[in-house]
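Participant: Sharing data-v5.csv, CSV, C-alpha atoms:
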chain,number,residue,atom,x,y,z
A,1,MET,CA,0.0,0.0,0.0
A,2,ALA,CA,2.8,2.4,0.9
A,3,LYS,CA,4.5,1.8,-2.5
A,4,PHE,CA,1.3,2.4,-4.3
A,5,PHE,CA,1.0,5.7,-2.5
A,6,ALA,CA,4.6,6.6,-3.5
A,7,VAL,CA,3.8,5.9,-7.2
A,8,THR,CA,0.6,7.9,-6.9
A,9,ILE,CA,2.6,10.9,-5.6
A,10,VAL,CA,4.9,10.7,-8.6
A,11,LEU,CA,2.1,10.5,-11.1
A,12,ILE,CA,0.2,13.4,-9.6
A,13,ALA,CA,3.3,15.6,-9.5
A,14,ILE,CA,4.1,14.8,-13.2
A,15,GLY,CA,0.4,15.3,-14.1
A,16,SER,CA,0.3,18.7,-12.5
A,17,ALA,CA,3.4,19.8,-14.4
A,18,VAL,CA,2.2,18.9,-17.8
A,19,PRO,CA,-0.4,21.8,-18.2
A,20,ILE,CA,2.2,24.3,-17.1
A,21,LEU,CA,4.9,23.0,-19.5
A,22,ARG,CA,2.3,23.0,-22.3
A,23,HIS,CA,1.1,26.5,-21.3
A,24,THR,CA,-2.5,25.2,-21.3
A,25,TRP,CA,-3.6,28.0,-19.0
A,26,TRP,CA,-1.3,30.9,-19.6
A,27,MET,CA,-1.2,34.6,-19.3
A,28,ALA,CA,-3.2,37.0,-21.6
A,29,GLU,CA,-1.5,38.7,-24.5
A,30,ASP,CA,0.9,41.4,-23.4
A,31,ILE,CA,0.0,44.9,-24.6
A,32,SER,CA,2.4,47.0,-22.5
A,33,THR,CA,5.9,48.4,-23.0
A,34,HIS,CA,6.9,46.9,-19.6
A,35,GLY,CA,5.4,43.5,-19.9
A,36,ALA,CA,8.2,41.5,-21.5
A,37,PRO,CA,10.6,41.5,-18.4
A,38,ILE,CA,7.6,40.7,-16.2
A,39,ASP,CA,6.7,37.7,-18.3
A,40,GLU,CA,10.3,36.6,-18.3
A,41,GLN,CA,10.4,36.9,-14.5
A,42,MET,CA,7.2,34.9,-14.3
A,43,SER,CA,8.6,32.1,-16.4
A,44,GLU,CA,11.8,32.0,-14.3
A,45,THR,CA,9.7,31.9,-11.1
A,46,MET,CA,7.5,29.1,-12.5
A,47,ALA,CA,10.5,27.1,-13.6
A,48,GLU,CA,12.4,27.4,-10.3
A,49,ALA,CA,9.3,26.7,-8.2
A,50,GLY,CA,8.3,23.9,-10.5
A,51,ILE,CA,11.7,22.2,-10.3
A,52,SER,CA,11.7,22.5,-6.5
A,53,PHE,CA,8.1,21.1,-6.3
A,54,LEU,CA,8.9,18.1,-8.5
A,55,ALA,CA,12.1,17.4,-6.6
A,56,SER,CA,10.4,17.5,-3.2
A,57,GLN,CA,7.7,15.2,-4.4
A,58,PHE,CA,10.1,12.7,-6.0
A,59,ILE,CA,12.2,12.7,-2.8
A,60,LEU,CA,9.1,12.2,-0.7
A,61,ALA,CA,8.0,9.3,-2.9
A,62,TYR,CA,11.5,7.8,-2.7
A,63,PHE,CA,11.6,7.8,1.1
A,64,ILE,CA,8.1,6.3,1.3
A,65,TRP,CA,9.1,3.6,-1.2
A,66,LYS,CA,12.4,2.8,0.5
A,67,PHE,CA,11.6,3.0,4.2
A,68,SER,CA,7.9,2.0,4.4
A,69,GLY,CA,8.6,-1.7,4.6
A,70,SER,CA,10.8,-1.7,7.7
A,71,ARG,CA,10.5,-4.8,9.8
A,72,PRO,CA,10.0,-5.0,13.6
A,73,GLY,CA,13.3,-4.6,15.5
A,74,GLU,CA,15.1,-3.4,12.4
A,75,LYS,CA,17.5,-0.5,13.2
A,76,ILE,CA,16.2,2.9,12.1
A,77,LYS,CA,18.5,4.7,9.7
A,78,HIS,CA,19.1,8.4,10.1
A,79,LEU,CA,20.2,11.0,7.5
A,80,PRO,CA,23.6,12.7,8.2
A,81,GLY,CA,23.0,15.7,10.4
A,82,GLY,CA,19.5,14.4,11.4
A,83,ALA,CA,16.3,16.5,11.2
A,84,LYS,CA,18.1,19.7,12.1
A,85,GLY,CA,20.5,19.3,9.2
A,86,MET,CA,17.5,18.8,6.8
A,87,VAL,CA,15.8,22.0,8.2
A,88,TRP,CA,18.9,24.1,7.7
A,89,ALA,CA,19.4,22.7,4.2
A,90,ALA,CA,15.8,23.5,3.3
A,91,PHE,CA,16.1,27.0,4.8
A,92,LEU,CA,19.3,27.8,2.9
A,93,LEU,CA,17.9,26.4,-0.4
A,94,VAL,CA,14.5,28.2,-0.2
A,95,GLY,CA,16.1,31.4,1.2
A,96,THR,CA,18.6,31.5,-1.6
A,97,GLU,CA,15.9,31.0,-4.2
A,98,VAL,CA,13.6,33.7,-2.9
A,99,LEU,CA,16.5,36.1,-2.6
A,100,ALA,CA,17.6,35.4,-6.2
A,101,LEU,CA,14.1,35.9,-7.5
A,102,GLY,CA,13.8,39.2,-5.6
A,103,ILE,CA,17.1,40.5,-7.0
A,104,PHE,CA,16.2,39.6,-10.5
A,105,GLY,CA,12.6,40.8,-10.0
A,106,VAL,CA,13.8,44.3,-9.4
A,107,LYS,CA,14.6,44.7,-13.1
A,108,ALA,CA,11.1,43.5,-14.1
A,109,TRP,CA,9.3,45.9,-11.8
A,110,ALA,CA,11.7,48.9,-12.0
A,111,ASN,CA,10.0,50.5,-15.0
A,112,VAL,CA,6.6,50.4,-13.3
A,113,TYR,CA,7.4,51.2,-9.6
A,114,PHE,CA,10.9,52.6,-9.3
A,115,THR,CA,10.8,55.2,-12.1
A,116,PRO,CA,8.6,58.2,-12.2
A,117,PRO,CA,6.2,58.9,-15.1
A,118,SER,CA,7.4,61.2,-17.9
A,119,ALA,CA,6.5,64.8,-17.8
A,120,ASN,CA,4.1,64.5,-20.7
A,121,ALA,CA,2.3,61.4,-19.3
A,122,MET,CA,-1.5,61.8,-19.5
A,123,PRO,CA,-3.1,61.9,-16.0
A,124,VAL,CA,-6.2,59.9,-15.3
A,125,GLN,CA,-7.7,59.8,-11.8
A,126,VAL,CA,-9.3,56.4,-10.8
A,127,GLN,CA,-11.7,56.1,-7.9
A,128,ALA,CA,-12.7,52.6,-6.6
A,129,GLY,CA,-15.7,52.2,-4.4
A,130,GLN,CA,-18.2,49.5,-3.6
A,131,PHE,CA,-18.7,48.2,-6.3
A,132,ALA,CA,-17.6,50.3,-9.3
A,133,PHE,CA,-14.7,52.2,-10.8
A,134,TYR,CA,-15.0,55.8,-12.0
A,135,PHE,CA,-12.4,57.8,-14.0
A,136,ARG,CA,-11.7,61.5,-14.2
A,137,TYR,CA,-9.9,63.4,-16.9
A,138,PRO,CA,-8.7,67.0,-16.7
A,139,GLY,CA,-10.4,69.4,-19.1
A,140,PRO,CA,-8.7,71.9,-21.5
A,141,ASP,CA,-7.0,73.6,-18.5
A,142,GLY,CA,-5.1,70.4,-17.8
A,143,LYS,CA,-5.9,70.6,-14.0
A,144,PHE,CA,-8.0,68.5,-11.7
A,145,GLY,CA,-10.3,70.3,-9.3
A,146,PRO,CA,-10.1,69.4,-5.6
A,147,LEU,CA,-12.1,66.6,-4.1
A,148,HIS,CA,-14.7,67.2,-1.3
A,149,ALA,CA,-15.7,64.0,0.5
A,150,ASP,CA,-18.8,65.6,1.9
A,151,LEU,CA,-20.1,66.3,-1.6
A,152,ILE,CA,-19.9,62.8,-2.9
A,153,ASN,CA,-23.4,61.8,-4.0
A,154,GLU,CA,-24.1,58.9,-6.3
A,155,GLY,CA,-27.7,60.0,-6.6
A,156,THR,CA,-26.6,63.1,-8.5
A,157,GLN,CA,-23.6,61.2,-10.1
A,158,ASN,CA,-21.1,63.4,-8.2
A,159,PHE,CA,-18.9,60.4,-7.7
A,160,PHE,CA,-15.7,62.4,-6.9
A,161,GLY,CA,-17.3,65.1,-4.8
A,162,LEU,CA,-16.6,68.0,-7.1
A,163,ASP,CA,-17.7,71.5,-6.3
A,164,GLN,CA,-18.1,72.8,-9.9
A,165,ASP,CA,-20.0,75.9,-8.7
A,166,HIS,CA,-17.0,77.2,-6.7
A,167,ASP,CA,-13.9,75.4,-7.9
A,168,GLN,CA,-12.7,76.8,-11.2
A,169,ASP,CA,-10.5,73.8,-12.0
A,170,SER,CA,-13.4,71.4,-11.6
A,171,LYS,CA,-15.7,73.0,-14.1
A,172,ASP,CA,-14.2,71.3,-17.1
A,173,ASP,CA,-13.3,67.9,-15.5
A,174,ILE,CA,-14.7,64.9,-17.3
A,175,VAL,CA,-16.0,61.9,-15.2
A,176,THR,CA,-16.7,58.5,-16.9
A,177,ALA,CA,-17.6,55.0,-16.0
A,178,GLU,CA,-15.3,53.5,-18.6
A,179,MET,CA,-11.7,54.3,-19.2
A,180,ALA,CA,-10.3,55.2,-22.6
A,181,ILE,CA,-6.7,56.0,-23.4
A,182,PRO,CA,-4.7,56.7,-26.6
A,183,VAL,CA,-2.4,53.9,-27.8
A,184,ASN,CA,1.3,54.3,-27.4
A,185,ARG,CA,0.8,57.2,-24.9
A,186,GLU,CA,2.1,57.0,-21.4
A,187,ILE,CA,-0.7,57.1,-18.8
A,188,HIS,CA,-0.3,58.3,-15.2
A,189,LEU,CA,-2.9,56.8,-13.0
A,190,LEU,CA,-3.8,58.7,-9.8
A,191,MET,CA,-5.7,56.1,-7.7
A,192,HIS,CA,-7.7,56.3,-4.5
A,193,ALA,CA,-10.4,54.3,-2.7
A,194,LYS,CA,-13.6,55.8,-1.5
A,195,ASP,CA,-14.3,53.1,1.1
A,196,VAL,CA,-12.4,49.8,1.5
A,197,GLY,CA,-9.5,48.1,-0.2
A,198,HIS,CA,-9.9,47.4,-3.9
A,199,SER,CA,-7.6,46.5,-6.8
A,200,PHE,CA,-7.0,47.6,-10.3
A,201,PHE,CA,-6.1,44.6,-12.5
A,202,VAL,CA,-5.7,44.5,-16.3
A,203,PRO,CA,-4.0,41.2,-17.2
A,204,GLU,CA,-3.0,42.4,-20.7
A,205,LEU,CA,-1.2,45.4,-19.2
A,206,ARG,CA,0.6,43.3,-16.6
A,207,VAL,CA,-0.7,45.8,-14.0
A,208,GLN,CA,-2.2,44.8,-10.7
A,209,GLN,CA,-2.3,47.6,-8.1
A,210,ASP,CA,-4.2,47.7,-4.8
A,211,PHE,CA,-6.1,50.8,-3.7
A,212,VAL,CA,-5.3,51.6,-0.1
A,213,PRO,CA,-7.9,53.6,1.8
A,214,GLY,CA,-6.4,56.9,2.9
A,215,LEU,CA,-3.5,56.8,0.5
A,216,ASP,CA,-3.1,58.2,-3.0
A,217,VAL,CA,-1.4,55.6,-5.2
A,218,SER,CA,0.5,56.4,-8.4
A,219,LEU,CA,1.0,54.1,-11.3
A,220,HIS,CA,2.1,54.6,-14.9
A,221,PHE,CA,2.1,52.4,-18.1
A,222,THR,CA,1.9,52.6,-21.9
A,223,ALA,CA,-0.6,50.4,-23.9
A,224,THR,CA,0.6,49.3,-27.3
A,225,LYS,CA,-2.4,47.7,-28.9
A,226,ILE,CA,-5.8,49.1,-29.7
A,227,GLY,CA,-8.7,47.1,-28.2
A,228,ARG,CA,-11.1,46.7,-25.3
A,229,TYR,CA,-9.9,45.1,-22.1
A,230,GLU,CA,-11.5,44.2,-18.8
A,231,ILE,CA,-10.6,46.0,-15.5
A,232,VAL,CA,-11.4,43.9,-12.5
A,233,CYS,CA,-11.1,44.2,-8.7
A,234,THR,CA,-9.0,41.4,-7.2
A,235,GLN,CA,-9.5,42.3,-3.5
A,236,LEU,CA,-12.5,40.8,-1.7
A,237,CYS,CA,-14.4,44.1,-1.0
A,238,GLY,CA,-17.9,43.0,-0.1
A,239,LEU,CA,-20.9,41.1,-1.4
A,240,GLY,CA,-20.8,42.8,-4.8
A,241,HIS,CA,-17.1,42.1,-5.4
A,242,TYR,CA,-17.8,39.5,-8.0
A,243,ASN,CA,-19.4,42.1,-10.2
A,244,MET,CA,-16.9,45.0,-9.7
A,245,LYS,CA,-15.4,45.6,-13.1
A,246,ALA,CA,-15.0,48.2,-15.8
A,247,TYR,CA,-13.5,48.4,-19.3
A,248,LEU,CA,-10.3,49.9,-20.7
A,249,ASN,CA,-10.6,51.1,-24.3
A,250,VAL,CA,-7.3,51.7,-26.0
A,251,LYS,CA,-7.9,53.9,-29.0
A,252,SER,CA,-6.1,55.7,-31.7
A,253,GLN,CA,-5.2,59.3,-30.8
A,254,GLN,CA,-8.0,60.7,-33.1
A,255,ASP,CA,-10.6,58.3,-31.8
A,256,PHE,CA,-9.6,59.1,-28.2
A,257,ASP,CA,-9.9,62.8,-28.9
A,258,ASP,CA,-13.3,62.3,-30.4
A,259,TRP,CA,-14.4,60.2,-27.4
A,260,LEU,CA,-13.2,62.8,-24.9
A,261,LYS,CA,-15.1,65.6,-26.7
A,262,LYS,CA,-18.2,63.4,-26.7
A,263,GLU,CA,-17.9,62.7,-22.9
A,264,ALA,CA,-17.2,66.4,-22.2
A,265,ALA,CA,-20.4,67.3,-24.0
A,266,MET,CA,-22.4,64.9,-21.8
A,267,GLN,CA,-21.2,66.3,-18.4
Would you encode the structure as structure tokens?

Facilitator:
Amino acid sequence: MAKFFAVTIVLIAIGSAVPILRHTWWMAEDISTHGAPIDEQMSETMAEAGISFLASQFILAYFIWKFSGSRPGEKIKHLPGGAKGMVWAAFLLVGTEVLALGIFGVKAWANVYFTPPSANAMPVQVQAGQFAFYFRYPGPDGKFGPLHADLINEGTQNFFGLDQDHDQDSKDDIVTAEMAIPVNREIHLLMHAKDVGHSFFVPELRVQQDFVPGLDVSLHFTATKIGRYEIVCTQLCGLGHYNMKAYLNVKSQQDFDDWLKKEAAMQ
């Protein structure tokens, strides 16, 4: 029975590796300028973790096969160094692997998190709240008006709490329920949560950023392919979390300009 269990472990380990090696369920198409090193880092992480997983399962199966049939009174064999040696070996192996992945991962994330957006990046403000995303674009003056939490009113569709009667910079701000951006133009997201923690995840952009209540979060990226992509919240934010999503429309510059003018006329 023990040897059957050992064989079963090996078969399950190999079976779980096959879909990964064949890329049966893989990442969505990359449409960002920073995605290639992230994909490379992901592949390296999967390879190292996969090799470690398979090795551990094969070793486990080997020990079950070899030592499960011990007879009564037979001397028990011990590994050199005993259990403490095994723990230290595992600690050093896993620690070295995690440290190496962290060092190499800096290169993958540097362009997103460790470099500031360019001076001509287009600002878009994103607000997350139970259970929807809203987006704000500056008008012709290029400035966002201040936010007033006490003026937020979903009944009047004042989602950001703008005082357009008294704040000059707010008069031409454009608020939308879908996000549109021009292709091959750097975008600077200014993100905040209205209530609890949320997340901004677009698989094709290789971007997943949490909203932290009370903090303004900055993120920048450049989309390289025209299309319509889903934005989803990946933080469990309440009963309506499953339905919290929006859409990102990557357009040509002319189509984006026409869309922005249309949205401005509807404000």

Participant: Atom CA of A:Gln235 and atom CA of A:His23, how far apart in Å?

Facilitator: 26.1 Å

Participant: So what do you get for atom CA of A:Leu219 versus atom CA of A:Glu263, distance-wise?

Facilitator: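 Atom-to-atom, atom CA of A:Leu219 to atom CA of A:Glu263, that is 23.8 Å.
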
Participant: For A:Met46, which residue out of A:Phe221, A:Ala180, A:Tyr113, A:Ala17 is the nearest one, using all atoms listed in the file?

Facilitator: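 Closest residue, counting all atoms listed in the file: A:Ala17.
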
Participant: If we count only C-alpha atoms and set the cut-off at 7 Å, which residues sit around A:Pro182, ignoring sequence neighbours fewer than 2 positions away in its own chain? Please answer as a PDB file with C-alpha atoms, in the frame of the given file.

Facilitator:
ATOM      1  CA  ASN A 184       1.300  54.300 -27.400  1.00  0.00           C
ATOM      2  CA  ARG A 185       0.800  57.200 -24.900  1.00  0.00           C
ATOM      3  CA  VAL A 250      -7.300  51.700 -26.000  1.00  0.00           C
ATOM      4  CA  LYS A 251      -7.900  53.900 -29.000  1.00  0.00           C
ATOM      5  CA  SER A 252      -6.100  55.700 -31.700  1.00  0.00           C
ATOM      6  CA  GLN A 253      -5.200  59.300 -30.800  1.00  0.00           C
ATOM      7  CA  PHE A 256      -9.600  59.100 -28.200  1.00  0.00           C
TER       8      PHE A 256
END

Participant: Just checking: using all atoms listed in the file, which residue out of A:Phe211, A:Ala264, A:Val232, A:Pro203 ends up closest to A:Ile31?

Facilitator: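 Between A:Phe211, A:Ala264, A:Val232, A:Pro203, the residue approaching A:Ile31 most closely is A:Pro203.
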
Participant: Name the residues within 8 Å of (11.5, 45.3, -16.3), counting only C-alpha atoms in the file's coordinates, and put them as a list of chain:residue names.

Facilitator: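 Neighbouring residues, ordered by chain and number, come to A:His34, A:Gly35, A:Ala36, A:Pro37, A:Ile38, A:Gly105, A:Val106, A:Lys107, A:Ala108, A:Trp109, A:Ala110, A:Asn111, A:Val112.
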
Participant: Grab the atom CA of A:Pro213 to atom CA of A:Glu230 distance for me, in Å with one decimal place.

Facilitator: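 The value is 22.9 Å.
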
Participant: Mind checking which residues fall within 12 Å of A:Gln130, counting only C-alpha atoms, ignoring those fewer than 5 positions away in the same chain, and posting them as number ranges by chain?

Facilitator: A: 154, 159, 193-199, 233, 235-245

Participant: Complete stretch 27-56 of chain A at the level of N, CA and C atoms, written as a PDB file, keeping the file's coordinate frame.

Facilitator:
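Printed below is result.pdb as written:
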ATOM      1  N   MET A  27      -0.839  33.239 -19.485  1.00  0.00           N
ATOM      2  CA  MET A  27      -1.200  34.600 -19.300  1.00  0.00           C
ATOM      3  C   MET A  27      -1.792  35.222 -20.592  1.00  0.00           C
ATOM      4  N   ALA A  28      -2.577  36.274 -20.415  1.00  0.00           N
ATOM      5  CA  ALA A  28      -3.200  37.000 -21.600  1.00  0.00           C
ATOM      6  C   ALA A  28      -2.083  37.649 -22.387  1.00  0.00           C
ATOM      7  N   GLU A  29      -2.445  38.030 -23.578  1.00  0.00           N
ATOM      8  CA  GLU A  29      -1.500  38.700 -24.500  1.00  0.00           C
ATOM      9  C   GLU A  29      -0.973  39.993 -23.793  1.00  0.00           C
ATOM     10  N   ASP A  30       0.304  40.235 -23.939  1.00  0.00           N
ATOM     11  CA  ASP A  30       0.900  41.400 -23.400  1.00  0.00           C
ATOM     12  C   ASP A  30       0.739  42.610 -24.319  1.00  0.00           C
ATOM     13  N   ILE A  31       0.163  43.714 -23.812  1.00  0.00           N
ATOM     14  CA  ILE A  31       0.000  44.900 -24.600  1.00  0.00           C
ATOM     15  C   ILE A  31       0.653  46.117 -24.005  1.00  0.00           C
ATOM     16  N   SER A  32       1.692  45.895 -23.213  1.00  0.00           N
ATOM     17  CA  SER A  32       2.400  47.000 -22.500  1.00  0.00           C
ATOM     18  C   SER A  32       3.834  47.055 -22.897  1.00  0.00           C
ATOM     19  N   THR A  33       4.430  48.206 -22.681  1.00  0.00           N
ATOM     20  CA  THR A  33       5.900  48.400 -23.000  1.00  0.00           C
ATOM     21  C   THR A  33       6.720  47.730 -21.900  1.00  0.00           C
ATOM     22  N   HIS A  34       6.156  47.490 -20.714  1.00  0.00           N
ATOM     23  CA  HIS A  34       6.900  46.900 -19.600  1.00  0.00           C
ATOM     24  C   HIS A  34       6.681  45.451 -19.378  1.00  0.00           C
ATOM     25  N   GLY A  35       5.832  44.816 -20.187  1.00  0.00           N
ATOM     26  CA  GLY A  35       5.400  43.500 -19.900  1.00  0.00           C
ATOM     27  C   GLY A  35       6.415  42.369 -20.153  1.00  0.00           C
ATOM     28  N   ALA A  36       7.314  42.574 -21.126  1.00  0.00           N
ATOM     29  CA  ALA A  36       8.200  41.500 -21.500  1.00  0.00           C
ATOM     30  C   ALA A  36       9.123  41.043 -20.321  1.00  0.00           C
ATOM     31  N   PRO A  37       9.775  41.939 -19.579  1.00  0.00           N
ATOM     32  CA  PRO A  37      10.600  41.500 -18.400  1.00  0.00           C
ATOM     33  C   PRO A  37       9.733  40.846 -17.334  1.00  0.00           C
ATOM     34  N   ILE A  38       8.480  41.293 -17.178  1.00  0.00           N
ATOM     35  CA  ILE A  38       7.600  40.700 -16.200  1.00  0.00           C
ATOM     36  C   ILE A  38       7.261  39.262 -16.578  1.00  0.00           C
ATOM     37  N   ASP A  39       6.976  39.050 -17.866  1.00  0.00           N
ATOM     38  CA  ASP A  39       6.700  37.700 -18.300  1.00  0.00           C
ATOM     39  C   ASP A  39       7.913  36.793 -18.196  1.00  0.00           C
ATOM     40  N   GLU A  40       9.073  37.349 -18.472  1.00  0.00           N
ATOM     41  CA  GLU A  40      10.300  36.600 -18.300  1.00  0.00           C
ATOM     42  C   GLU A  40      10.529  36.190 -16.860  1.00  0.00           C
ATOM     43  N   GLN A  41      10.290  37.143 -15.969  1.00  0.00           N
ATOM     44  CA  GLN A  41      10.400  36.900 -14.500  1.00  0.00           C
ATOM     45  C   GLN A  41       9.415  35.806 -14.090  1.00  0.00           C
ATOM     46  N   MET A  42       8.202  35.887 -14.609  1.00  0.00           N
ATOM     47  CA  MET A  42       7.200  34.900 -14.300  1.00  0.00           C
ATOM     48  C   MET A  42       7.606  33.509 -14.725  1.00  0.00           C
ATOM     49  N   SER A  43       8.152  33.422 -15.936  1.00  0.00           N
ATOM     50  CA  SER A  43       8.600  32.100 -16.400  1.00  0.00           C
ATOM     51  C   SER A  43       9.719  31.557 -15.591  1.00  0.00           C
ATOM     52  N   GLU A  44      10.656  32.410 -15.192  1.00  0.00           N
ATOM     53  CA  GLU A  44      11.800  32.000 -14.300  1.00  0.00           C
ATOM     54  C   GLU A  44      11.245  31.493 -12.976  1.00  0.00           C
ATOM     55  N   THR A  45      10.295  32.238 -12.420  1.00  0.00           N
ATOM     56  CA  THR A  45       9.700  31.900 -11.100  1.00  0.00           C
ATOM     57  C   THR A  45       8.993  30.512 -11.227  1.00  0.00           C
ATOM     58  N   MET A  46       8.204  30.340 -12.282  1.00  0.00           N
ATOM     59  CA  MET A  46       7.500  29.100 -12.500  1.00  0.00           C
ATOM     60  C   MET A  46       8.464  27.926 -12.658  1.00  0.00           C
ATOM     61  N   ALA A  47       9.564  28.177 -13.388  1.00  0.00           N
ATOM     62  CA  ALA A  47      10.500  27.100 -13.600  1.00  0.00           C
ATOM     63  C   ALA A  47      11.228  26.708 -12.317  1.00  0.00           C
ATOM     64  N   GLU A  48      11.697  27.699 -11.551  1.00  0.00           N
ATOM     65  CA  GLU A  48      12.400  27.400 -10.300  1.00  0.00           C
ATOM     66  C   GLU A  48      11.450  26.740  -9.283  1.00  0.00           C
ATOM     67  N   ALA A  49      10.249  27.293  -9.158  1.00  0.00           N
ATOM     68  CA  ALA A  49       9.300  26.700  -8.200  1.00  0.00           C
ATOM     69  C   ALA A  49       8.855  25.326  -8.662  1.00  0.00           C
ATOM     70  N   GLY A  50       8.694  25.163  -9.971  1.00  0.00           N
ATOM     71  CA  GLY A  50       8.300  23.900 -10.500  1.00  0.00           C
ATOM     72  C   GLY A  50       9.324  22.789 -10.267  1.00  0.00           C
ATOM     73  N   ILE A  51      10.581  23.130 -10.516  1.00  0.00           N
ATOM     74  CA  ILE A  51      11.700  22.200 -10.300  1.00  0.00           C
ATOM     75  C   ILE A  51      11.752  21.789  -8.812  1.00  0.00           C
ATOM     76  N   SER A  52      11.624  22.795  -7.940  1.00  0.00           N
ATOM     77  CA  SER A  52      11.700  22.500  -6.500  1.00  0.00           C
ATOM     78  C   SER A  52      10.504  21.650  -6.067  1.00  0.00           C
ATOM     79  N   PHE A  53       9.321  21.946  -6.610  1.00  0.00           N
ATOM     80  CA  PHE A  53       8.100  21.100  -6.300  1.00  0.00           C
ATOM     81  C   PHE A  53       8.311  19.694  -6.707  1.00  0.00           C
ATOM     82  N   LEU A  54       8.723  19.494  -7.961  1.00  0.00           N
ATOM     83  CA  LEU A  54       8.900  18.100  -8.500  1.00  0.00           C
ATOM     84  C   LEU A  54       9.957  17.381  -7.676  1.00  0.00           C
ATOM     85  N   ALA A  55      11.064  18.079  -7.396  1.00  0.00           N
ATOM     86  CA  ALA A  55      12.100  17.400  -6.600  1.00  0.00           C
ATOM     87  C   ALA A  55      11.659  16.997  -5.265  1.00  0.00           C
ATOM     88  N   SER A  56      10.919  17.853  -4.594  1.00  0.00           N
ATOM     89  CA  SER A  56      10.400  17.500  -3.200  1.00  0.00           C
ATOM     90  C   SER A  56       9.467  16.332  -3.290  1.00  0.00           C
TER      91      SER A  56
END
